[in-house]
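Visitor: Just dropping this structure here.
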Amino acid sequence: MMKVKRLMPYRIPAFFLMILSVVLVTSCASRKNIVYFQDIEEIDKLASEVIYDPVLQPDDLLTITVSAVNRETVEMFNLPVVAFMGADGIAAGRTQYQTYLVDNKGNIEFPVIGTVQLGGLTRNEAVSLLRGKISHYVKDPIVNIRIMNYKVTVLGEVTKPGSYTIPNERITIPEALGLAGDLTVYGKRDNILIIRDKNGQKTYERVDLTKKDILESPYYYLQQNDVIYVEPNGAQVQASAFNRNAPVIVSVASIIISLISILTRN
C-alpha cells in the first residue's frame, strides 16, 4: 500500500510575527487622539462671549498717535516720523513711527504729560487714560495705540516651530498652531501647554484640543509673548530611544530572513 507523505506545516518565524505585531499596533491611530473639538456638536452657543483686548506688558513697543480736528494742536503729542536716509542723502524705504518702550514698571514717557503707567491696562483702558490726560490740552482728541512687537512662540511637535509676529494683535490657539503648520501626528492634542507672563510672573495652563471646553478657556485667545508647547506622544518618545535608521534596518533584515527561509526550505 502506497504511503502518503505528510506535509509538515510551515512555521512562520517568530521574528515575522513580532514585526507584524509592531506594524499593526503602531499603524492603528485612535480617533479620540487625533480629531480636534470632538464634542463641538454639543454646543448650541458659547456660555460667554469673549471680547479680546490685549493687556499691555513691560517690554512692549507701542506706537501712539493722537489726532484731532485741528492737527496743529496735537503735533506736540506725536513723535516725529523717522525716514531712513540713503547714501545720497535722499529718503529711502518706508517711513516709520517711533515707538514707546514700556519699562519694567509698566511706565512710558509721553510728550507734555510725562510719565504714564500703562502696564497692566488693556489697550482700551490705556486709550481712555491717555485721552483723558490729553483732553486738558486738546478738545476731543482721538488716541490710537498699536503693539508693534506682538508675537507668540510655538514649540514642540509642530511642522514649523518658531516665533510669529501677529500684526492684528489678536490670535487664538488654533490660529497659532496653523501658522506653525499644525501638529505632527506625534503631537499630544490633549495636553497642550501654554506659558504666559502675567504681572511679572510665569503662569501656565494645559488645554485639550480634542474637547469643546477649549473654546471657553481664558487661554484660547493668546497674549503677546505666550509660548505654546506641544508635547510628543508616547510613540515618539519611545522612538527617540532607537536609531533613526531602524525602519531601514528592519526592512533589510526582513528581506534577508525571507531569502534564507526560502533557500532552506528546498
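By order in the C-alpha cells, chains are A, B, ...; within a chain, residues start at 1; ligands start at 1, following the order shown.
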With only C-alpha atoms as the counted atoms, please give the residues lying no more than 12 Å from Asp226 of chain A, apart from itself and same-chain residues fewer than 3 positions off, as a PyMOL selection string.
Guide: chain A and resi 54+57+150-155+163-166+171-173+176+193-198+202-205+219-223+229
Visitor: What lies within 10 Å of Asp53 of chain A using only C-alpha atoms, ignoring chain neighbours under 5 positions off, as a compact mmCIF listing (two decimals) with all heavy atoms, in the first residue's frame?
Guide:
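Written output follows (selection-v3.txt):
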# COMPACT_ATOMS: atom_id res chain seq x y z
N LEU A 121 -2.79 97.56 31.93
CA LEU A 121 -4.06 98.04 31.38
C LEU A 121 -4.33 97.35 30.05
O LEU A 121 -3.40 96.98 29.32
CB LEU A 121 -4.02 99.55 31.16
CG LEU A 121 -3.74 100.44 32.37
CD1 LEU A 121 -3.72 101.91 31.94
CD2 LEU A 121 -4.77 100.22 33.46
N THR A 122 -5.61 97.16 29.73
CA THR A 122 -5.94 96.71 28.39
C THR A 122 -5.70 97.88 27.44
O THR A 122 -5.54 99.03 27.85
CB THR A 122 -7.41 96.26 28.29
OG1 THR A 122 -8.26 97.39 28.50
CG2 THR A 122 -7.72 95.19 29.32
N ARG A 123 -5.69 97.58 26.16
CA ARG A 123 -5.45 98.65 25.20
C ARG A 123 -6.55 99.71 25.28
O ARG A 123 -6.28 100.91 25.22
CB ARG A 123 -5.37 98.08 23.79
CG ARG A 123 -5.07 99.13 22.73
CD ARG A 123 -4.79 98.51 21.40
NE ARG A 123 -5.86 97.59 21.01
CZ ARG A 123 -5.79 96.79 19.94
NH1 ARG A 123 -4.69 96.79 19.22
NH2 ARG A 123 -6.79 96.01 19.64
N ASN A 124 -7.81 99.28 25.44
CA ASN A 124 -8.90 100.24 25.53
C ASN A 124 -8.78 101.10 26.79
O ASN A 124 -9.08 102.31 26.75
CB ASN A 124 -10.25 99.51 25.53
CG ASN A 124 -10.60 98.97 24.15
OD1 ASN A 124 -10.13 99.47 23.13
ND2 ASN A 124 -11.43 97.93 24.12
N GLU A 125 -8.34 100.48 27.88
CA GLU A 125 -8.16 101.25 29.11
C GLU A 125 -7.03 102.27 28.95
O GLU A 125 -7.13 103.41 29.44
CB GLU A 125 -7.86 100.31 30.28
CG GLU A 125 -9.04 99.45 30.70
CD GLU A 125 -8.66 98.37 31.70
OE1 GLU A 125 -7.45 98.08 31.82
OE2 GLU A 125 -9.56 97.82 32.36
N GLU A 169 -2.76 91.82 16.41
CA GLU A 169 -2.80 91.74 17.88
C GLU A 169 -3.94 90.88 18.41
O GLU A 169 -4.41 91.06 19.53
CB GLU A 169 -2.90 93.15 18.48
CG GLU A 169 -1.80 94.08 18.04
CD GLU A 169 -2.04 95.51 18.46
OE1 GLU A 169 -2.89 95.73 19.34
OE2 GLU A 169 -1.39 96.41 17.91
N ARG A 170 -4.36 89.93 17.61
CA ARG A 170 -5.43 89.03 18.07
C ARG A 170 -5.20 87.67 17.42
O ARG A 170 -5.19 87.55 16.19
CB ARG A 170 -6.80 89.56 17.67
CG ARG A 170 -7.97 88.64 18.06
CD ARG A 170 -9.27 89.16 17.48
NE ARG A 170 -10.39 88.29 17.79
CZ ARG A 170 -10.69 87.18 17.11
NH1 ARG A 170 -9.94 86.80 16.09
NH2 ARG A 170 -11.74 86.45 17.46
N TYR A 221 -7.67 82.75 23.62
CA TYR A 221 -7.06 83.91 22.97
C TYR A 221 -5.69 84.12 23.59
O TYR A 221 -5.57 84.29 24.81
CB TYR A 221 -7.91 85.16 23.15
CG TYR A 221 -9.16 85.16 22.29
CD1 TYR A 221 -10.38 84.75 22.80
CD2 TYR A 221 -9.10 85.56 20.95
CE1 TYR A 221 -11.52 84.74 22.02
CE2 TYR A 221 -10.23 85.55 20.16
CZ TYR A 221 -11.43 85.15 20.70
OH TYR A 221 -12.55 85.13 19.91
N GLN A 223 -2.01 85.91 24.41
CA GLN A 223 -1.48 87.23 24.66
C GLN A 223 -0.07 87.31 24.09
O GLN A 223 0.55 86.30 23.79
CB GLN A 223 -1.49 87.54 26.16
CG GLN A 223 -2.88 87.62 26.76
CD GLN A 223 -2.85 88.00 28.23
OE1 GLN A 223 -1.82 88.37 28.78
NE2 GLN A 223 -4.00 87.92 28.87
Visitor: Would you kindly return, as a ChimeraX atom specification, each protein, DNA or RNA residue with an atom no farther than 8 Å from any atom of Ile142 of chain A, considering only C-alpha atoms and excluding same-chain residues fewer than 5 positions away?
Guide: /A:66-68,131
Visitor: Calculate how many Å separate atom CA of Gly132 of chain A from atom CA of Pro218 of chain A, rounding to one decimal.
Guide: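 About the pair atom CA of Gly132 of chain A and atom CA of Pro218 of chain A: they are 29.8 Å apart.
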Visitor: When distances are computed from only C-alpha atoms, which of A:Met76, A:Val127, A:Ile256, A:Ile147 shows the smallest separation from Asn225 of chain A?
Guide: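 Nearest candidate to Asn225 of chain A out of A:Met76, A:Val127, A:Ile256, A:Ile147: A:Ile147.
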Visitor: Hey, which of A:Ser217, A:Ser251, A:Ser261, A:Thr184 ends up closest to Asn233 of chain A? Count only C-alpha atoms.
Guide: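 Distance minimum relative to Asn233 of chain A lands on A:Thr184.
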Visitor: Report the residues of segment 106-255 of chain A whose backbone DSSP state falls under strand (DSSP E or B), written as number ranges by chain.
Guide: A: 107-110, 114-117, 122, 142-147, 151-156, 158, 162-165, 172, 183, 187, 192-198, 201-207, 221, 227-230, 232
Visitor: By how many Å are atom CA of Asp60 of chain A and atom CA of Gln117 of chain A apart?
Guide: 12.6 Å
